[in-house]
Protein chains: 2
Amino acid sequence: MLTERQKQILKAIIEEYIVHAEPVGSRTISKREDIGYSAATIRNEMADLEELGFVEQPHTSAGRIPSQMGYRFYVDYLMGPQRLERADLFQVRELFTSQMDAVELTIQQTVSILSRLTNYTSIILGPEAIHNKLKHLQVIPLNERSAVAIVVSDNGHVDQRRFTVPDGVSLSSIEKLVNILNAKLSGVPLVRLKRNVYQELFAELDRHVEQYEFLLGVIDQMLAADTDGRIFTSGTTNILTQPEFNDVTQVKALMDLFEQTDTVTKLFATNDLGVHVRIGEENSIATVNNCSIVTASFSIDGRSLGTVGVLGPTRMDYNKVVSLMQVLTTDLSEHLRHLYK
Amino acid sequence: MLTERQKQILKAIIEEYIVHAEPVGSRTISKREDIGYSAATIRNEMADLEELGFVEQPHTSAGRIPSQMGYRFYVDYLMGPQRLERADLFQVRELFTSQMDAVELTIQQTVSILSRLTNYTSIILGPEAIHNKLKHLQVIPLNERSAVAIVVSDNGHVDQRRFTVPDGVSLSSIEKLVNILNAKLSGVPLVRLKRNVYQELFAELDRHVEQYEFLLGVIDQMLAADTDGRIFTSGTTNILTQPEFNDVTQVKALMDLFEQTDTVTKLFATNDLGVHVRIGEENSIATVNNCSIVTASFSIDGRSLGTVGVLGPTRMDYNKVVSLMQVLTTDLSEHLRHLYK
DNA sequence: GTTAGCACTCAGTGTTCACGAGTGCTAAAA
DNA sequence: TTTTAGCACTCGTGAACACTGAGTGCTAAC
């Protein structure tokens, strides 16, 4: 186990490195107000910390930089009491006291304020529309051959999809079908829509099977497209200001990663409540092995609705990010609870 | 005026530079099959071309690179007969023969194939939903306090917006209002919606002014948000592969530019039919002074619907891009004509 | 009018060198 | 026994310098 002094020094090294992004020397540490030891003493302790694997030396005669293990220890045990700057907290509170009707808008604003306050790239997954309940289903004909299907869910989310009416199916019969479905399926969770459509239709309309198959396909595609479009990002270019991303090829890899929705989902998804920090190689994807990802899910009544995430260099201001995320997910959950009513 | 040989040499210089991105020397040119002169001759002609301003020398003992004026001359007079690679043409044709119902999907696929085939960043503005006509207006109540307004236009585009019902306004009265509007305003272009709402309401419902003001606000916001969301991009990171963008700060400036919708609109908007090329400083915005932008609008019956654009380095494969754009806008216009019917 | 030859220029590369930040170790001080 | 001062050593950084080679401009010959 580390001695108190070692912890103190490790904490100082990490905090210096987070700010300046350069190897930290013994003199720098000894000059800090909270450290009362000479450079030589620090050097001895640093050598020990290196042997234990908490810090690394890029080359002989350079200062130390925290290792992945060092960051992990810092996040788990050393990080001070998490407190937000008054100004930051004010901005968050202001955001959520303002009137935001639409769920999408709320999310977009949240992710935007998160990236602005952290200067890292931020992302929100969800909330998953699939948990919503059907409020209204409607088909609006555009001409003889095509129409638009619209699904409104109880939280006000609207999905829509244009489709071409297949030969042999009249628009009026589709409308009749939709009316029946509306009457029967209002309040059904979207995820169960498919199964319930089956049940209702077999009971009531078994002679129109071909039409129902077709409409089902349209609805399916609509809901499938919806899970894709549920990623909100902001400040993607913020990582470019970090000195560790001077290399254009690395930047490109990262940017491209953000365009692959499935990878992003895999990278950020969590279901646990509370804030999670994944440092460097703890991330499964090689492109972000020199990045850290902080995630936290937001929820209503203990049920996770989606995930808020921040991506930055391993040298991330963990304290700030973690405390910001705590406040933000709490407030966001609360705000959404009002919207969902 | 340039002699035939000078034109031939200028063309060769530009085509070499487009491929290799490095100053072109006299020897390189003289070794080309289509040039039958020695390096010394080329050198003399190059000196003349430089004096005339068509090429530049980064430093005394380097080869020549085309100047902005050189590119302009190339685009206007030298670029050979535009012909697409068979494989590229095939991909475009295949895209448009496939069934694509939704306008949005068509546009997204088009912009995506454009960036894939050119390896530059591509963008599509429009089509402007504001020209569409109202097909159906609907308000779906979610609970006592909030509802979703949905506007469906004749091309199948759906706008939607959630709103909170103000105190003193009952949902049922809103519904009544919407029914009247639907009956009266179907087929009215969205851009005229506001004015016509006034007329209809004053004629029929002048006692419910406060409700109408409110709903009008919702519709207005909806249509306003719509003009923002009409930018489709693809391959934003493609510029990162170009050697002239090794500088991270430049990349960031460009990326950030793409997130400002109004700037992007200003940069790419054209109403003229036909392909336009803006080279380097011909672009109004300083960030893209070392880029070229090729735009072309797509249209139905001579009326411009929107703009397709490609952004790349001034050293762009103009021939390929221009010919691709010609084919693409023609096919896109045709396809949209079918969709709008 | 065209080309071969030659002197000249200059970015890029590699080498050397001095500098300084930082270390590890030893011995003295507390 | 713990802490600190001192000193030799390491190694990255940046400046100075020479060398190389691609490319030019000019002149004279074809």
# chains A, B, ... in the order shown; residues from 1 in each chain; ligands from 1
$ residues_around --residues "segment 26-30 of chain D" --least-positions-apart "3" --cutoff "12 Å" --atoms "only C-alpha atoms (C1' of nucleotides)" --output "list in words"
Ala40, Arg43 and Asn44 of chain B; DG1, DT2, DT3, DA4, DG5, DC6, DA7 and DC8 of chain C
$ select_by_dssp --residues "segment 3-151 of chain B" --states "strand (DSSP E or B)" --output "PyMOL selection string"
chain B and resi 24+55-56+64-66+121-125+133-141+146-151
$ select_by_dssp --residues "segment 84-128 of chain A" --states "alpha helix (DSSP H)" --output "PyMOL selection string"
chain A and resi 86-97+103-118
$ residues_around --residues "Leu89 of chain A" --least-positions-apart "4" --cutoff "9 Å" --atoms "only C-alpha atoms (C1' of nucleotides)" --output "PyMOL selection string"
chain A and resi 84-85+93-94+324+327
$ residues_around --residues "DC17 of chain C" --least-positions-apart "4" --cutoff "12 Å" --atoms "only C-alpha atoms (C1' of nucleotides)" --output "PyMOL selection string"
chain D and resi 13-17
$ interface_residues --of "chain A" --to "chain C" --cutoff "8 Å" --atoms "only C-alpha atoms (C1' of nucleotides)" --output "PyMOL selection string"
chain A and resi 25-26+43+60-63
$ write_last_selection --atoms "C-alpha atoms" --output "short mmCIF file (atom, residue, chain, number, x, y, z; two decimals), in the first residue's frame"
data_model
loop_
_atom_site.label_atom_id
_atom_site.label_comp_id
_atom_site.auth_asym_id
_atom_site.auth_seq_id
_atom_site.Cartn_x
_atom_site.Cartn_y
_atom_site.Cartn_z
CA GLY A 25 9.76 17.07 -12.46
CA SER A 26 10.61 16.80 -8.79
CA ARG A 43 12.82 12.23 -6.37
CA THR A 60 15.85 9.08 -18.58
CA SER A 61 16.27 12.67 -17.47
CA ALA A 62 12.66 13.54 -18.03
CA GLY A 63 9.99 14.14 -15.44
#
$ closest_atom_pairs --of "chain D" --to "chain B" --cutoff "8 Å" --atoms "only C-alpha atoms (C1' of nucleotides)" --output "tab-separated table"
residue	atom	partner	partner_atom	distance
D:DA22	C1'	B:Ala62	CA	7.4
D:DG23	C1'	B:Ser61	CA	5.0
D:DT24	C1'	B:Ser61	CA	5.5
$ write_last_selection --atoms "N, CA and C atoms (P, O5', C5', C4', C3', O3' and C1' of nucleotides)" --output "PDB file, in the first residue's frame"
ATOM      1  P    DA D  22      17.648  13.881 -57.377  1.00  0.00           P
ATOM      2  O5'  DA D  22      16.337  14.734 -57.629  1.00  0.00           O
ATOM      3  C5'  DA D  22      15.579  15.203 -56.514  1.00  0.00           C
ATOM      4  C4'  DA D  22      15.127  16.615 -56.796  1.00  0.00           C
ATOM      5  C3'  DA D  22      14.673  16.838 -58.242  1.00  0.00           C
ATOM      6  O3'  DA D  22      13.450  17.538 -58.235  1.00  0.00           O
ATOM      7  C1'  DA D  22      16.301  18.446 -57.648  1.00  0.00           C
ATOM      8  P    DG D  23      12.624  17.693 -59.560  1.00  0.00           P
ATOM      9  O5'  DG D  23      13.026  19.153 -60.004  1.00  0.00           O
ATOM     10  C5'  DG D  23      12.670  20.254 -59.181  1.00  0.00           C
ATOM     11  C4'  DG D  23      13.411  21.468 -59.672  1.00  0.00           C
ATOM     12  C3'  DG D  23      13.312  21.669 -61.197  1.00  0.00           C
ATOM     13  O3'  DG D  23      12.536  22.813 -61.492  1.00  0.00           O
ATOM     14  C1'  DG D  23      15.487  22.094 -60.346  1.00  0.00           C
ATOM     15  P    DT D  24      12.354  23.301 -62.991  1.00  0.00           P
ATOM     16  O5'  DT D  24      13.165  24.668 -62.983  1.00  0.00           O
ATOM     17  C5'  DT D  24      12.980  25.594 -61.943  1.00  0.00           C
ATOM     18  C4'  DT D  24      14.116  26.594 -61.953  1.00  0.00           C
ATOM     19  C3'  DT D  24      14.247  27.351 -63.279  1.00  0.00           C
ATOM     20  O3'  DT D  24      13.951  28.715 -63.085  1.00  0.00           O
ATOM     21  C1'  DT D  24      16.361  26.458 -62.555  1.00  0.00           C
TER      22       DT D  24
END
$ closest_atom_pairs --of "chain A" --to "chain B" --cutoff "7 Å" --atoms "only C-alpha atoms" --output "tab-separated table"
residue	atom	partner	partner_atom	distance
A:Asp101	CA	B:Phe163	CA	5.7
A:Ala102	CA	B:Arg162	CA	5.4
A:Leu142	CA	B:Asp154	CA	5.9
A:Val148	CA	B:Gly156	CA	6.0
A:Asp154	CA	B:Leu142	CA	6.0
A:Gly156	CA	B:Val148	CA	6.1
A:Arg162	CA	B:Ala102	CA	5.4
A:Phe163	CA	B:Asp101	CA	5.7
A:Thr164	CA	B:Asp101	CA	6.6
A:Thr237	CA	B:Lys252	CA	6.3
A:Leu240	CA	B:Lys252	CA	6.5
A:Asn246	CA	B:Val248	CA	6.2
A:Val248	CA	B:Asn246	CA	6.2
A:Lys252	CA	B:Thr237	CA	6.3
A:Met255	CA	B:Thr237	CA	6.8
$ residues_around --residues "Ser172 of chain B" --least-positions-apart "2" --cutoff "12 Å" --atoms "only C-alpha atoms (C1' of nucleotides)" --output "ChimeraX atom specification"
/B:139-141,143-145,147,165,168-170,174-179,211
$ decode --residues "chain C" --atoms "C-alpha atoms (C1' of nucleotides)" --output "compact mmCIF listing (two decimals), in the first residue's frame"
# COMPACT_ATOMS: atom_id res chain seq x y z
C1' DG C 1 13.39 27.28 -83.00
C1' DT C 2 15.23 23.60 -80.12
C1' DT C 3 18.36 21.33 -77.15
C1' DA C 4 22.63 20.13 -74.46
C1' DG C 5 25.55 21.68 -70.96
C1' DC C 6 26.83 24.05 -66.95
C1' DA C 7 26.85 27.08 -63.03
C1' DC C 8 23.84 28.43 -59.48
C1' DT C 9 20.09 28.20 -55.86
C1' DC C 10 17.90 26.34 -52.08
C1' DA C 11 14.93 22.96 -49.29
C1' DG C 12 15.88 18.94 -46.89
C1' DT C 13 18.81 15.85 -44.29
C1' DG C 14 22.21 14.51 -41.20
C1' DT C 15 25.87 15.71 -37.94
C1' DT C 16 27.87 18.09 -34.29
C1' DC C 17 27.66 20.80 -30.32
C1' DA C 18 26.10 23.43 -26.39
C1' DC C 19 22.37 23.91 -23.24
C1' DG C 20 19.32 22.80 -19.71
C1' DA C 21 15.90 20.22 -17.36
C1' DG C 22 15.82 16.45 -14.73
C1' DT C 23 17.51 12.33 -12.63
C1' DG C 24 20.21 9.03 -9.35
C1' DC C 25 23.48 8.64 -5.99
C1' DT C 26 26.33 9.89 -2.07
C1' DA C 27 27.36 12.16 1.89
C1' DA C 28 26.23 15.53 5.22
C1' DA C 29 22.65 17.56 8.21
C1' DA C 30 18.67 17.11 11.16
